[in-house]
Each structure stands twice: as C-alpha cells, then as structure tokens.
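Just below is one structure, and these are the notes that go with it.
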Amino acid sequence: MSYEDLQSAAATIADRTGRRHHDAAVVLGSGLSGYAASLDDAIEIPYAEIPHFPEPRVVGHGGSLFSAAVGDGAALLFAGRVHTYEGWPLDDVVFGVRTAALAGAKAILLTNAAGGLGEGLAPGDLVAIRDHLNYTARNPLVGSNDDRLGPRFPDMSEVYSKNLRALIRRAFETASVPYREGVYAWFLGPSYETPAEIEMVRRAGGDLVGMSTVPEAIALNHMGVGVAGISLVTNYAAGITDTPLSHDEVTETATEARARFTAVLDALLPLLVEA
Ligand code: HPA
C-alpha cells in the first residue's frame, strides 16, 4: 500500500459517484451490511471495481461500497470488510477506511458483531465502544511511517471520540435504544475465545470481544479522523453460558436486531455527516 494507491482509490470513488467529497463513512459489520442497500438512491460500487481494494472472502460479508446523499452532505458505507484472520495484511484490512478518510470523511463509524461479557450485556444489545484492548499484538502502523498519513507515534488516549459518542447517545435516544458503552477486545480469530481468555478480558475491564474494528480504529486515529464504534452483541462470550458459540448464532442475532440497528443508523448518519 502506498499513499498513491489510496489516492487512486479515492479518485475512483469521486469519479464513479460524481461526489468530490464524502463527509462521513460507516463500516457495516457481520450481518449488518444490508443497511447500505436500504438507503434510497445509494450508488453501489463493487470493491472489485476500485483499484487496490481487497475483496471479502467470508460468505455473508458482502463486498460493495455505497455512496449516499445524507442531509446536505454524503456518506460512504462499506458493506463487507476484510479481516486479519482471512490472512490479509493489515495494510489491506485498513485500506478502505484510509481511502474514506482521503475522500474527505472526518467522522467514521465502525460497527461489528461481538461477543458480550460485560455486566448486564445480552445478545441483541447495541453498545457504543468507549475504548479497546488489543490481544493480537498486531498493529497496522508497523513498518515505515508515511508522514502524509500521520505521525510515527500517535497518541491513543481518545481513539473513540467523546464528541462522536455524544452523537451516538443522541441517536440511541431517538431510536429508543438504551445507551450503553463498553470496552472492545480485539482477538485475531478465526477460532472463538476460550473461557479462560474471556475471564482474562473480564479482569482487564473488557465488555465485548470480536475480530475486527481495532485495526481500522488505530489507522484512522493515526490520520486524525474521528472514530465512532458500535458493537451489536450477537452472543454471550465463551464460557458465560454452556452453549457453544457458532457463526449461525452471530448472523441470526444480527438479523433479529436489524430494525433497531437501522433506526440507530438512520438517526446517526445525519449527525455524523454534520459532525
Ligand atoms: N468472539 C469473537 N468474535 C465474535 C464473537 C465472539 O464471541 N461474536 C461475534 N463475533
């Protein structure tokens, strides 16, 4: 990945959409990609038609970028993301969100499906991400630093912007969804965590576990872009109940939560575009 690769991807998005600028972006997590197609008049560009874009390989993760008019501005929506557990280098994992930042996005919402372990969390809950724990020992900024993207040693004391969390709270209120915040713990996957690992996360202050989001959040924080995160709790984390974890449970819960997720995003998108 080079800066020029990002620029050419951003230029393709501008050409294909006729929009020189997008104000905000949303990455839609597992089982949540359908939201993009529900937007009126959204312009769809398959990832395969954007130079240097990696294409998702997991069934049910989609693989298109959507551009939608929102209020007086426009937003990009990623229906499908690539994961580190598929074997992608982190440069590829964060390529899409870096492109969105070059396309003008100043606020980017990262969404995901996650296991829940925090006090009072249950499948179906939507949770704003307050901070993260990185259990992969991987970082998308490893390697030579391109100063055009950001500094060598970026501060990480407020990755998930307080201002954007306030907007998430407003959107939850509008959608009549109880507002909660939690700490998201990134595991590499693709195997789910063991009960002992979940106990470790609990003792460390984690509330949510998943296999995405953190690399994108690090890369965007590096670029000085405002990051917001929302997890959909699709299952109890390993060891909390006797039920084994399954990808089917994850996608089923995501489907059941669609109406609430849609209501939250409908309320949040205009706030992100204006942010
Ligand atoms: N662990 C990791 N990733 C996940 C989970 C989980 O329990 N649920 C959905 N994605």
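Identifiers for the structure tokens are assigned positionally: chains receive A, B, ... in sequence, residues are indexed from 1 per chain, and ligands are indexed from 1 in the order shown.
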Test item: residues lying within 9 Å of ligand 1 with only C-alpha atoms and all ligand atoms, as a short mmCIF file (atom, residue, chain, number, x, y, z; two decimals) with C-alpha atoms, in the first residue's frame:
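Generated output (pocket.cif):
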data_model
loop_
_atom_site.label_atom_id
_atom_site.label_comp_id
_atom_site.auth_asym_id
_atom_site.auth_seq_id
_atom_site.Cartn_x
_atom_site.Cartn_y
_atom_site.Cartn_z
CA SER A 30 -21.15 -9.05 10.07
CA ASN A 112 -19.27 -5.06 14.33
CA ALA A 113 -20.83 -8.19 15.73
CA ALA A 114 -19.29 -9.05 19.09
CA GLY A 115 -19.47 -11.48 21.95
CA GLY A 116 -20.71 -9.84 25.15
CA LEU A 117 -19.26 -10.38 28.60
CA ALA A 185 -11.23 -6.52 22.99
CA TRP A 186 -9.71 -7.48 19.63
CA PHE A 187 -8.79 -11.13 19.13
CA LEU A 188 -7.30 -12.42 15.90
CA GLY A 189 -9.70 -15.35 15.40
CA PRO A 190 -10.96 -17.20 13.47
CA SER A 191 -11.41 -19.55 16.43
CA TYR A 192 -13.60 -18.05 19.12
CA GLU A 193 -12.05 -17.33 22.51
CA LEU A 208 -17.04 -7.01 24.20
CA VAL A 209 -14.89 -9.37 22.13
CA GLY A 210 -14.51 -9.55 18.39
CA MET A 211 -12.20 -10.00 15.42
CA SER A 212 -12.32 -6.60 13.72
CA LEU A 232 -24.00 -5.50 18.27
CA VAL A 233 -23.80 -8.20 20.92
CA THR A 234 -24.68 -11.34 18.96
CA ASN A 235 -23.85 -13.93 21.63
CA TYR A 236 -22.61 -14.37 25.17
CA ALA A 237 -18.82 -14.62 25.10
CA ALA A 238 -17.32 -18.10 25.61
CA LEU A 245 -20.51 -20.45 20.03
CA SER A 246 -21.47 -20.60 16.37
CA HIS A 247 -21.32 -18.28 13.40
CA GLU A 249 -25.95 -17.63 16.11
CA VAL A 250 -23.99 -14.50 15.22
CA THR A 251 -25.80 -13.98 11.91
#
**OP:** Select from stretch 45-241 of chain A everything DSSP, run on the backbone, classes as alpha helix (DSSP H), then give the selection as a PyMOL selection string.
**Re:** chain A and resi 90-93+95-102+162-174+195-203+214-222
Original post:
Neighbours of A:Leu272 within 9 Å (only C-alpha atoms; same-chain residues fewer than 4 positions away dropped), as a PyMOL selection string?
Top reply: chain A and resi 23-25+75+106-109+164+167+268
Would you kindly return, as a CSV table (one decimal) with N, CA and C atoms, in the first residue's frame, each protein, DNA or RNA residue with an atom no farther than 6 Å from any atom of A:Gly182, considering only C-alpha atoms and excluding same-chain residues fewer than 6 positions away?
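Saved the output as result_21.csv:
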chain,number,residue,atom,x,y,z
A,129,ILE,N,-18.7,1.8,21.6
A,129,ILE,CA,-17.3,1.4,22.0
A,129,ILE,C,-16.7,2.7,22.6
A,130,ARG,N,-16.2,2.5,23.9
A,130,ARG,CA,-15.5,3.6,24.6
A,130,ARG,C,-14.0,3.5,24.4
A,207,ASP,N,-15.6,-5.6,27.8
A,207,ASP,CA,-17.0,-5.9,27.8
A,207,ASP,C,-17.4,-6.6,26.6
**OP:** Please identify all polymer residues within 7 Å of A:Glu44, counting only C-alpha atoms, omitting same-chain residues fewer than 3 positions from it, and present them as a list in words.
**Re:** Ser64, Leu65, Phe66 and Ser67 of chain A
Subject >> Members of stretch 167-269 of chain A assigned strand (DSSP E or B) by DSSP, as a ChimeraX atom specification >> reply: /A:181-186,208-210,226-236
Subject >> Best match for closeness to A:Tyr160 among A:Glu55, A:Glu216, A:Glu199, A:Glu173, counting only C-alpha atoms >> reply: A:Glu216
Original post:
When you draw a straight line from atom CA of A:Ala9 to atom CA of A:Ile50, how long is it in Å?
Top reply: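 These two atoms are separated by 5.8 Å.
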